[in-house]
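*Asks:* Just so it is clear, I am handing over entry.cif, which has mmCIF, C-alpha atoms and all ligand atoms.
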data_coords
loop_
_atom_site.group_PDB
_atom_site.id
_atom_site.type_symbol
_atom_site.label_atom_id
_atom_site.label_comp_id
_atom_site.auth_asym_id
_atom_site.auth_seq_id
_atom_site.Cartn_x
_atom_site.Cartn_y
_atom_site.Cartn_z
ATOM 1 C CA MET A 187 0.000 0.000 0.000
ATOM 2 C CA SER A 188 1.268 3.461 -0.739
ATOM 3 C CA VAL A 189 1.137 6.320 1.730
ATOM 4 C CA LEU A 190 2.163 8.989 -0.766
ATOM 5 C CA ARG A 191 2.168 9.412 -4.536
ATOM 6 C CA PHE A 192 3.316 12.282 -6.727
ATOM 7 C CA ASP A 193 1.829 12.176 -10.234
ATOM 8 C CA ASN A 194 3.634 14.515 -12.670
ATOM 9 C CA VAL A 195 3.802 17.271 -10.102
ATOM 10 C CA SER A 196 5.075 20.715 -11.126
ATOM 11 C CA LYS A 197 5.353 23.813 -8.989
ATOM 12 C CA GLN A 198 6.074 27.308 -10.203
ATOM 13 C CA TYR A 199 6.123 30.087 -7.634
ATOM 14 C CA ASP A 200 4.525 33.396 -8.604
ATOM 15 C CA GLY A 201 7.095 35.238 -10.648
ATOM 16 C CA GLY A 202 9.662 32.577 -9.784
ATOM 17 C CA ARG A 203 11.440 29.674 -11.422
ATOM 18 C CA GLN A 204 10.005 26.214 -11.894
ATOM 19 C CA ALA A 205 10.744 24.724 -8.444
ATOM 20 C CA LEU A 206 9.451 21.227 -9.358
ATOM 21 C CA ASP A 207 9.116 19.884 -12.881
ATOM 22 C CA GLU A 208 6.914 16.848 -13.626
ATOM 23 C CA VAL A 209 7.947 14.890 -10.523
ATOM 24 C CA SER A 210 6.491 11.391 -10.036
ATOM 25 C CA PHE A 211 7.262 8.857 -7.312
ATOM 26 C CA GLU A 212 5.525 6.672 -4.762
ATOM 27 C CA VAL A 213 6.263 5.948 -1.096
ATOM 28 C CA ALA A 214 5.163 2.615 0.357
ATOM 29 C CA SER A 215 3.591 2.444 3.754
ATOM 30 C CA GLY A 216 6.339 1.745 6.308
ATOM 31 C CA GLU A 217 9.158 3.036 4.091
ATOM 32 C CA MET A 218 11.939 5.434 5.108
ATOM 33 C CA LEU A 219 13.641 7.382 2.321
ATOM 34 C CA PHE A 220 15.612 10.520 1.581
ATOM 35 C CA VAL A 221 15.304 13.311 -0.951
ATOM 36 C CA THR A 222 18.556 15.026 -1.778
ATOM 37 C CA GLY A 223 19.901 17.621 -4.201
ATOM 38 C CA HIS A 224 21.767 20.932 -4.295
ATOM 39 C CA SER A 225 20.464 24.116 -2.732
ATOM 40 C CA GLY A 226 17.446 25.260 -4.726
ATOM 41 C CA ALA A 227 16.823 21.800 -6.231
ATOM 42 C CA GLY A 228 13.266 21.777 -4.879
ATOM 43 C CA LYS A 229 13.520 19.629 -1.723
ATOM 44 C CA SER A 230 11.668 22.001 0.610
ATOM 45 C CA THR A 231 9.034 22.662 -2.034
ATOM 46 C CA LEU A 232 8.401 18.925 -2.394
ATOM 47 C CA LEU A 233 7.850 18.589 1.369
ATOM 48 C CA LYS A 234 5.655 21.703 1.492
ATOM 49 C CA LEU A 235 3.274 20.173 -1.048
ATOM 50 C CA ILE A 236 2.828 17.198 1.280
ATOM 51 C CA HIS A 237 1.865 19.204 4.369
ATOM 52 C CA LEU A 238 -0.080 21.712 2.278
ATOM 53 C CA ALA A 239 2.106 24.734 2.957
ATOM 54 C CA GLU A 240 2.097 25.063 -0.876
ATOM 55 C CA ARG A 241 -0.063 23.785 -3.726
ATOM 56 C CA PRO A 242 1.152 22.302 -7.026
ATOM 57 C CA THR A 243 0.760 24.244 -10.255
ATOM 58 C CA ARG A 244 0.132 20.999 -12.176
ATOM 59 C CA GLY A 245 -0.177 17.317 -11.338
ATOM 60 C CA ALA A 246 -1.567 15.540 -8.290
ATOM 61 C CA VAL A 247 -0.281 14.661 -4.835
ATOM 62 C CA LEU A 248 -2.083 11.674 -3.336
ATOM 63 C CA PHE A 249 -1.865 10.912 0.364
ATOM 64 C CA ALA A 250 -3.265 7.519 1.385
ATOM 65 C CA ASP A 251 -5.110 7.611 -1.972
ATOM 66 C CA ARG A 252 -6.679 10.990 -1.122
ATOM 67 C CA ASN A 253 -6.087 13.665 -3.752
ATOM 68 C CA LEU A 254 -4.742 16.651 -1.803
ATOM 69 C CA LEU A 255 -6.242 18.993 -4.385
ATOM 70 C CA ARG A 256 -9.573 18.275 -2.746
ATOM 71 C CA VAL A 257 -8.291 18.889 0.769
ATOM 72 C CA ARG A 258 -9.339 22.479 1.475
ATOM 73 C CA GLY A 259 -10.594 24.621 4.341
ATOM 74 C CA ARG A 260 -11.126 22.729 7.607
ATOM 75 C CA LYS A 261 -9.918 19.502 6.034
ATOM 76 C CA VAL A 262 -6.385 20.930 5.897
ATOM 77 C CA ALA A 263 -6.048 20.761 9.695
ATOM 78 C CA MET A 264 -7.277 17.166 9.656
ATOM 79 C CA HIS A 265 -4.770 16.262 6.945
ATOM 80 C CA ARG A 266 -1.941 17.806 8.971
ATOM 81 C CA ARG A 267 -2.726 15.462 11.869
ATOM 82 C CA GLU A 268 -1.636 12.637 9.626
ATOM 83 C CA VAL A 269 1.611 14.286 8.522
ATOM 84 C CA GLY A 270 4.220 15.126 11.145
ATOM 85 C CA VAL A 271 6.660 17.881 10.140
ATOM 86 C CA VAL A 272 10.171 18.484 11.475
ATOM 87 C CA PHE A 273 11.916 21.732 10.566
ATOM 88 C CA GLN A 274 15.621 22.492 10.781
ATOM 89 C CA ASP A 275 14.930 25.448 13.083
ATOM 90 C CA HIS A 276 12.585 23.479 15.398
ATOM 91 C CA ARG A 277 9.941 26.253 15.568
ATOM 92 C CA LEU A 278 9.339 25.638 19.266
ATOM 93 C CA LEU A 279 7.357 28.079 21.406
ATOM 94 C CA ALA A 280 10.032 29.820 23.486
ATOM 95 C CA ASP A 281 7.798 30.614 26.464
ATOM 96 C CA ARG A 282 6.338 27.119 26.822
ATOM 97 C CA SER A 283 7.881 24.082 28.499
ATOM 98 C CA VAL A 284 9.098 21.062 26.551
ATOM 99 C CA ALA A 285 5.982 19.123 27.625
ATOM 100 C CA ASP A 286 3.656 21.953 26.541
ATOM 101 C CA ASN A 287 5.360 22.220 23.146
ATOM 102 C CA VAL A 288 4.966 18.502 22.544
ATOM 103 C CA ALA A 289 1.367 18.519 23.800
ATOM 104 C CA LEU A 290 0.292 21.247 21.378
ATOM 105 C CA PRO A 291 -0.944 19.049 18.472
ATOM 106 C CA LEU A 292 -2.962 16.918 20.909
ATOM 107 C CA VAL A 293 -4.463 20.008 22.569
ATOM 108 C CA LEU A 294 -5.497 21.265 19.124
ATOM 109 C CA GLN A 295 -7.094 17.885 18.455
ATOM 110 C CA GLY A 296 -9.140 18.294 21.626
ATOM 111 C CA LEU A 297 -7.876 15.177 23.411
ATOM 112 C CA ARG A 298 -8.601 14.746 27.132
ATOM 113 C CA ARG A 299 -5.952 16.096 29.485
ATOM 114 C CA ALA A 300 -5.162 12.719 31.069
ATOM 115 C CA GLU A 301 -4.632 11.202 27.611
ATOM 116 C CA ILE A 302 -2.387 14.107 26.586
ATOM 117 C CA VAL A 303 -0.228 13.786 29.714
ATOM 118 C CA LYS A 304 0.155 10.041 29.122
ATOM 119 C CA ARG A 305 1.096 10.399 25.446
ATOM 120 C CA VAL A 306 3.504 13.292 26.025
ATOM 121 C CA ARG A 307 5.299 11.375 28.770
ATOM 122 C CA ALA A 308 5.642 8.303 26.548
ATOM 123 C CA VAL A 309 6.999 10.219 23.546
ATOM 124 C CA LEU A 310 9.453 12.241 25.652
ATOM 125 C CA ASP A 311 10.803 8.980 27.046
ATOM 126 C CA ARG A 312 11.244 7.718 23.487
ATOM 127 C CA VAL A 313 13.390 10.731 22.555
ATOM 128 C CA SER A 314 15.271 10.469 25.909
ATOM 129 C CA LEU A 315 13.941 13.757 27.227
ATOM 130 C CA GLY A 316 11.724 12.433 30.019
ATOM 131 C CA ALA A 317 13.785 14.284 32.618
ATOM 132 C CA ARG A 318 13.582 17.638 30.824
ATOM 133 C CA SER A 319 9.841 17.922 30.378
ATOM 134 C CA GLN A 320 9.519 21.140 32.421
ATOM 135 C CA ALA A 321 12.544 22.900 30.868
ATOM 136 C CA LEU A 322 12.137 25.792 28.454
ATOM 137 C CA PRO A 323 13.523 25.298 24.919
ATOM 138 C CA SER A 324 16.267 27.891 25.574
ATOM 139 C CA GLN A 325 17.604 25.693 28.394
ATOM 140 C CA LEU A 326 18.232 22.800 25.990
ATOM 141 C CA SER A 327 21.091 22.011 23.600
ATOM 142 C CA ALA A 328 20.520 22.161 19.830
ATOM 143 C CA GLY A 329 20.218 18.371 19.641
ATOM 144 C CA GLU A 330 17.734 18.301 22.515
ATOM 145 C CA GLN A 331 15.653 21.056 20.915
ATOM 146 C CA GLN A 332 15.551 19.077 17.695
ATOM 147 C CA ARG A 333 14.368 16.009 19.635
ATOM 148 C CA VAL A 334 11.550 18.096 21.127
ATOM 149 C CA GLY A 335 10.577 19.100 17.574
ATOM 150 C CA ILE A 336 10.548 15.446 16.576
ATOM 151 C CA ALA A 337 8.530 14.448 19.648
ATOM 152 C CA ARG A 338 5.939 17.103 18.736
ATOM 153 C CA ALA A 339 5.833 15.784 15.168
ATOM 154 C CA ILE A 340 5.299 12.137 16.157
ATOM 155 C CA VAL A 341 3.138 12.472 19.285
ATOM 156 C CA GLY A 342 -0.031 12.203 17.161
ATOM 157 C CA GLU A 343 1.290 8.999 15.507
ATOM 158 C CA PRO A 344 1.153 10.352 11.946
ATOM 159 C CA ALA A 345 1.109 8.060 8.910
ATOM 160 C CA LEU A 346 4.048 10.026 7.475
ATOM 161 C CA LEU A 347 6.818 12.145 8.971
ATOM 162 C CA VAL A 348 8.494 14.701 6.708
ATOM 163 C CA ALA A 349 11.715 16.312 7.918
ATOM 164 C CA ASP A 350 13.434 19.241 6.215
ATOM 165 C CA GLU A 351 17.199 19.203 6.901
ATOM 166 C CA PRO A 352 16.572 17.879 10.424
ATOM 167 C CA THR A 353 20.279 17.520 11.212
ATOM 168 C CA GLY A 354 21.421 20.728 9.522
ATOM 169 C CA ASN A 355 22.721 22.337 12.716
ATOM 170 C CA LEU A 356 23.920 19.202 14.473
ATOM 171 C CA ASP A 357 27.296 17.501 14.787
ATOM 172 C CA PRO A 358 27.750 13.976 13.336
ATOM 173 C CA THR A 359 27.071 12.167 16.636
ATOM 174 C CA LEU A 360 23.800 14.014 17.228
ATOM 175 C CA SER A 361 22.821 13.569 13.576
ATOM 176 C CA ALA A 362 23.314 9.824 13.951
ATOM 177 C CA GLU A 363 21.092 9.819 17.070
ATOM 178 C CA ILE A 364 18.311 11.588 15.208
ATOM 179 C CA MET A 365 18.603 9.131 12.311
ATOM 180 C CA THR A 366 18.386 6.156 14.682
ATOM 181 C CA LEU A 367 15.211 7.652 16.066
ATOM 182 C CA PHE A 368 13.767 8.096 12.549
ATOM 183 C CA GLU A 369 14.682 4.518 11.654
ATOM 184 C CA SER A 370 12.571 3.253 14.554
ATOM 185 C CA LEU A 371 9.413 4.968 13.277
ATOM 186 C CA PRO A 372 8.321 2.726 10.346
ATOM 187 C CA GLU A 373 7.887 -0.311 12.590
ATOM 188 C CA ARG A 374 5.414 1.804 14.591
ATOM 189 C CA GLY A 375 3.408 2.681 11.477
ATOM 190 C CA THR A 376 4.989 6.003 10.497
ATOM 191 C CA SER A 377 6.708 6.304 7.101
ATOM 192 C CA VAL A 378 9.590 8.802 6.982
ATOM 193 C CA LEU A 379 10.715 11.194 4.229
ATOM 194 C CA VAL A 380 13.845 13.228 5.014
ATOM 195 C CA ALA A 381 15.187 16.099 2.877
ATOM 196 C CA SER A 382 18.934 16.504 3.275
ATOM 197 C CA HIS A 383 21.817 17.874 1.239
ATOM 198 C CA ASP A 384 24.268 15.966 3.473
ATOM 199 C CA LEU A 385 25.337 13.269 1.010
ATOM 200 C CA ALA A 386 27.652 11.490 3.460
ATOM 201 C CA LEU A 387 24.809 11.107 5.934
ATOM 202 C CA VAL A 388 22.371 9.979 3.254
ATOM 203 C CA LYS A 389 24.795 7.323 1.952
ATOM 204 C CA ARG A 390 25.510 5.996 5.449
ATOM 205 C CA MET A 391 21.810 5.362 6.042
ATOM 206 C CA ARG A 392 21.478 2.855 3.173
ATOM 207 C CA LYS A 393 17.889 3.820 2.365
ATOM 208 C CA ARG A 394 16.146 4.697 -0.885
ATOM 209 C CA VAL A 395 17.232 8.127 -2.198
ATOM 210 C CA LEU A 396 15.349 10.462 -4.528
ATOM 211 C CA VAL A 397 17.697 12.917 -6.265
ATOM 212 C CA LEU A 398 16.375 16.297 -7.391
ATOM 213 C CA ASN A 399 18.225 18.596 -9.778
ATOM 214 C CA GLN A 400 16.720 21.938 -10.734
ATOM 215 C CA GLY A 401 13.251 20.682 -9.917
ATOM 216 C CA GLN A 402 13.533 17.415 -11.838
ATOM 217 C CA LEU A 403 13.646 13.977 -10.258
ATOM 218 C CA VAL A 404 16.841 12.722 -11.903
ATOM 219 C CA ASP A 405 17.416 9.544 -9.889
ATOM 220 C CA ASP A 406 15.584 7.128 -7.592
ATOM 221 C CA ILE A 407 18.269 4.975 -5.976
ATOM 222 C CA SER A 408 17.408 1.758 -4.136
ATOM 223 C CA PRO A 409 19.342 0.783 -0.961
ATOM 224 C CA GLU A 410 20.944 -2.102 -2.885
ATOM 225 C CA ASP A 411 22.293 0.227 -5.583
ATOM 226 C CA LEU A 412 23.558 2.598 -2.920
ATOM 227 C CA ALA A 413 25.639 -0.168 -1.376
ATOM 228 C CA GLU A 414 27.680 -0.621 -4.567
HETATM 229 N N1 LIG B 501 8.160 31.272 -1.812
HETATM 230 C C1 LIG B 501 8.911 31.260 -2.925
HETATM 231 N N2 LIG B 501 8.746 32.177 -3.906
HETATM 232 C C2 LIG B 501 9.474 32.156 -5.043
HETATM 233 N N3 LIG B 501 10.421 31.232 -5.305
HETATM 234 C C3 LIG B 501 10.652 30.284 -4.365
HETATM 235 C C4 LIG B 501 9.917 30.250 -3.132
HETATM 236 N N4 LIG B 501 10.364 29.190 -2.395
HETATM 237 C C5 LIG B 501 11.320 28.595 -3.142
HETATM 238 N N5 LIG B 501 11.502 29.244 -4.311
HETATM 239 C C6 LIG B 501 12.438 28.867 -5.390
HETATM 240 O O1 LIG B 501 12.133 27.547 -5.775
HETATM 241 C C7 LIG B 501 13.331 26.798 -6.028
HETATM 242 C C8 LIG B 501 13.363 25.571 -5.147
HETATM 243 O O2 LIG B 501 13.493 25.989 -3.780
HETATM 244 P P1 LIG B 501 13.453 24.981 -2.552
HETATM 245 O O3 LIG B 501 13.494 25.794 -1.301
HETATM 246 O O4 LIG B 501 12.372 24.011 -2.729
HETATM 247 O O5 LIG B 501 14.862 24.213 -2.748
HETATM 248 P P2 LIG B 501 15.715 23.338 -1.740
HETATM 249 O O6 LIG B 501 16.251 22.202 -2.517
HETATM 250 O O7 LIG B 501 14.924 23.048 -0.527
HETATM 251 O O8 LIG B 501 16.903 24.325 -1.355
HETATM 252 P P3 LIG B 501 17.701 24.489 0.045
HETATM 253 O O9 LIG B 501 18.519 23.243 0.218
HETATM 254 O O10 LIG B 501 18.570 25.703 -0.219
HETATM 255 O O11 LIG B 501 16.673 24.716 1.106
HETATM 256 C C9 LIG B 501 14.479 27.780 -5.814
HETATM 257 O O12 LIG B 501 14.828 28.322 -7.077
HETATM 258 C C10 LIG B 501 13.880 28.825 -4.913
HETATM 259 O O13 LIG B 501 14.512 30.076 -5.105
#
Go through the file and emit its structure as C-alpha cells.
*Replies:*
Amino acid sequence: MSVLRFDNVSKQYDGGRQALDEVSFEVASGEMLFVTGHSGAGKSTLLKLIHLAERPTRGAVLFADRNLLRVRGRKVAMHRREVGVVFQDHRLLADRSVADNVALPLVLQGLRRAEIVKRVRAVLDRVSLGARSQALPSQLSAGEQQRVGIARAIVGEPALLVADEPTGNLDPTLSAEIMTLFESLPERGTSVLVASHDLALVKRMRKRVLVLNQGQLVDDISPEDLAE
C-alpha cells in the first residue's frame, strides 16, 4: 500500500522559477527514504506540497489515496494530523515548556488532558527527554531542541513524517542519534521522508534516495544500488 504518490507534479512560484518539474514517485507504507539535491533543487518545495504549505501548479499529490487537491478549508487541519513535520529550526514556542510544546498538536485535536499527559510522557521517554519535560527550549542544547521538535511531530502517531534538513545544525554524533530515532518509526506505522543535502549522511543510512536537480527527479536509488 502506498502512503504517498506524486503524479507529474510541477510547482512554479509566482514570478519565480520552476521549483518542481513533472515529478512522479511513490512511497510505500512503512518506508523510510531521503530526498537530496543541491540548494534550490526543490527539496523544501516537495515537502511543502505534502503538508499543504504550498499547492502544485500541475499534477496531483495523493496521500493515502486521497487527492490533496480536494483537501481544502477545515480539512487541511485534519490532513496535517496525519503528517508530522520536522523543521531544521525546530519552531518551538520559546515561552512554553518542553511538555507543553509537545502537547500542542494533541491540545489542538481536543484530546482529554489525562490522555495528553500520558502520550507526552511516553513520547518524551522515546526521545530520551523524560527528565527535561519542564525545561524551556532555551535551556536545551541544539540536539535536545531538535528532539523536542521530533517528539511534537510524532506524538499524534502520523502516517508520514516529513523532515526538512533535520540535522542541519547538528554535529555527526547528534545527527546519527536523530537518524536512529527516525529509523525506529516505520515499525510503529509512520513512514519517513527526510530532505537533506548531506550526502555522506544519506549514503551511510542505506535507504532509498530520490535525487532532485533543478526541480527534476533525476534519480531514484534503491538501498541495494547505494551499497555498490
Ligand atoms: N516562496 C517562494 N517564492 C518564489 N520562489 C521560491 C519560493 N520558495 C522557493 N523558491 C524557489 O524555488 C526553487 C526551489 O526551492 P526549494 O526551497 O524548494 O529548494 P531546496 O532544494 O529546498 O533548497 P535548500 O537546500 O537551499 O533549502 C528555488 O529556485 C527557490 O529560489
*Asks:* List all protein, DNA and RNA residues that have an atom no more than 12 Å from any atom of ligand LIG 501 (chain B), counting all atoms listed in the file, and report them as a VMD selection string.
*Replies:* chain A and resid 196 to 207 221 to 235 239 to 241 273 to 274 349 to 352 354 380 to 384 396 to 403
*Asks:* Which one is closest to A:Met187: A:Ala308, A:Asp275, A:Ile336, A:Ser377? Count only C-alpha atoms.
*Replies:*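 So, comparing all the options, the nearest one is A:Ser377.
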*Asks:* In Å to one decimal, how far is atom CA of A:His265 from atom CA of A:Leu278?
*Replies:*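 That distance, rounded to one decimal, is 20.9 Å.
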*Asks:* Mind telling me what the PyMOL selection byres (((chain A and resi 211) around 6) and not hetatm) catches here, as JSON, numbers by chain?
*Replies:* {"A": [191, 192, 210, 212]}
*Asks:* With 3 Å of padding per side, what axis-aligned box (centre and edge lengths, Å, one decimal) covers all the listed atoms of stretch 236-244 of chain A? Give it as lines of an AutoDock Vina configuration file.
*Replies:*
center_x = 1.4
center_y = 21.1
center_z = -3.9
size_x = 8.9
size_y = 13.9
size_z = 22.5
*Asks:* I'd like the neighbourhood of A:Gly329 as an MDAnalysis selection string, where a residue qualifies if any of its atoms comes within 10 Å (using all atoms listed in the file), though same-chain residues fewer than 2 positions away should be ignored.
*Replies:* chainID A and resid 326:327 331:335 352:353 355:357 359:361 363:364
*Asks:* If the PyMOL selection byres (((chain A and resi 238) around 12) and not hetatm) were run on this exact file, what residues would it hold? Put them as a ChimeraX atom specification.
*Replies:* /A:230-237,239-242,247-249,253-259,261-271,348
*Asks:* When the PyMOL selection byres (((chain A and resi 218) around 9) and not hetatm) is applied to the file above, which residues end up in the set, as a ChimeraX atom specification?
*Replies:* /A:213-217,219-220,368-369,371-372,376-380,393-394
*Asks:* What does the distance between atom CA of A:Gln320 and atom CA of A:Arg282 come to in Å, to one decimal place?
*Replies:* 8.8 Å
*Asks:* Would you compute the distance between atom CA of A:Val293 and atom CA of A:Leu346? Give it in Å to one decimal.
*Replies:* 20.0 Å
*Asks:* Considering all atoms listed in the file, can you say which of A:Leu385, A:Val313, A:Leu322, A:Ala339 comes closest to A:Val288?
*Replies:*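 The closest residue to A:Val288 is A:Ala339.
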*Asks:* Using all atoms listed in the file, pick whichever of A:Gly296, A:Pro409, A:Pro323, A:Gly245 has the shortest atom-to-atom distance to A:Leu279.
*Replies:*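 Going through A:Gly296, A:Pro409, A:Pro323, A:Gly245 one by one, the smallest distance to A:Leu279 is for A:Pro323.
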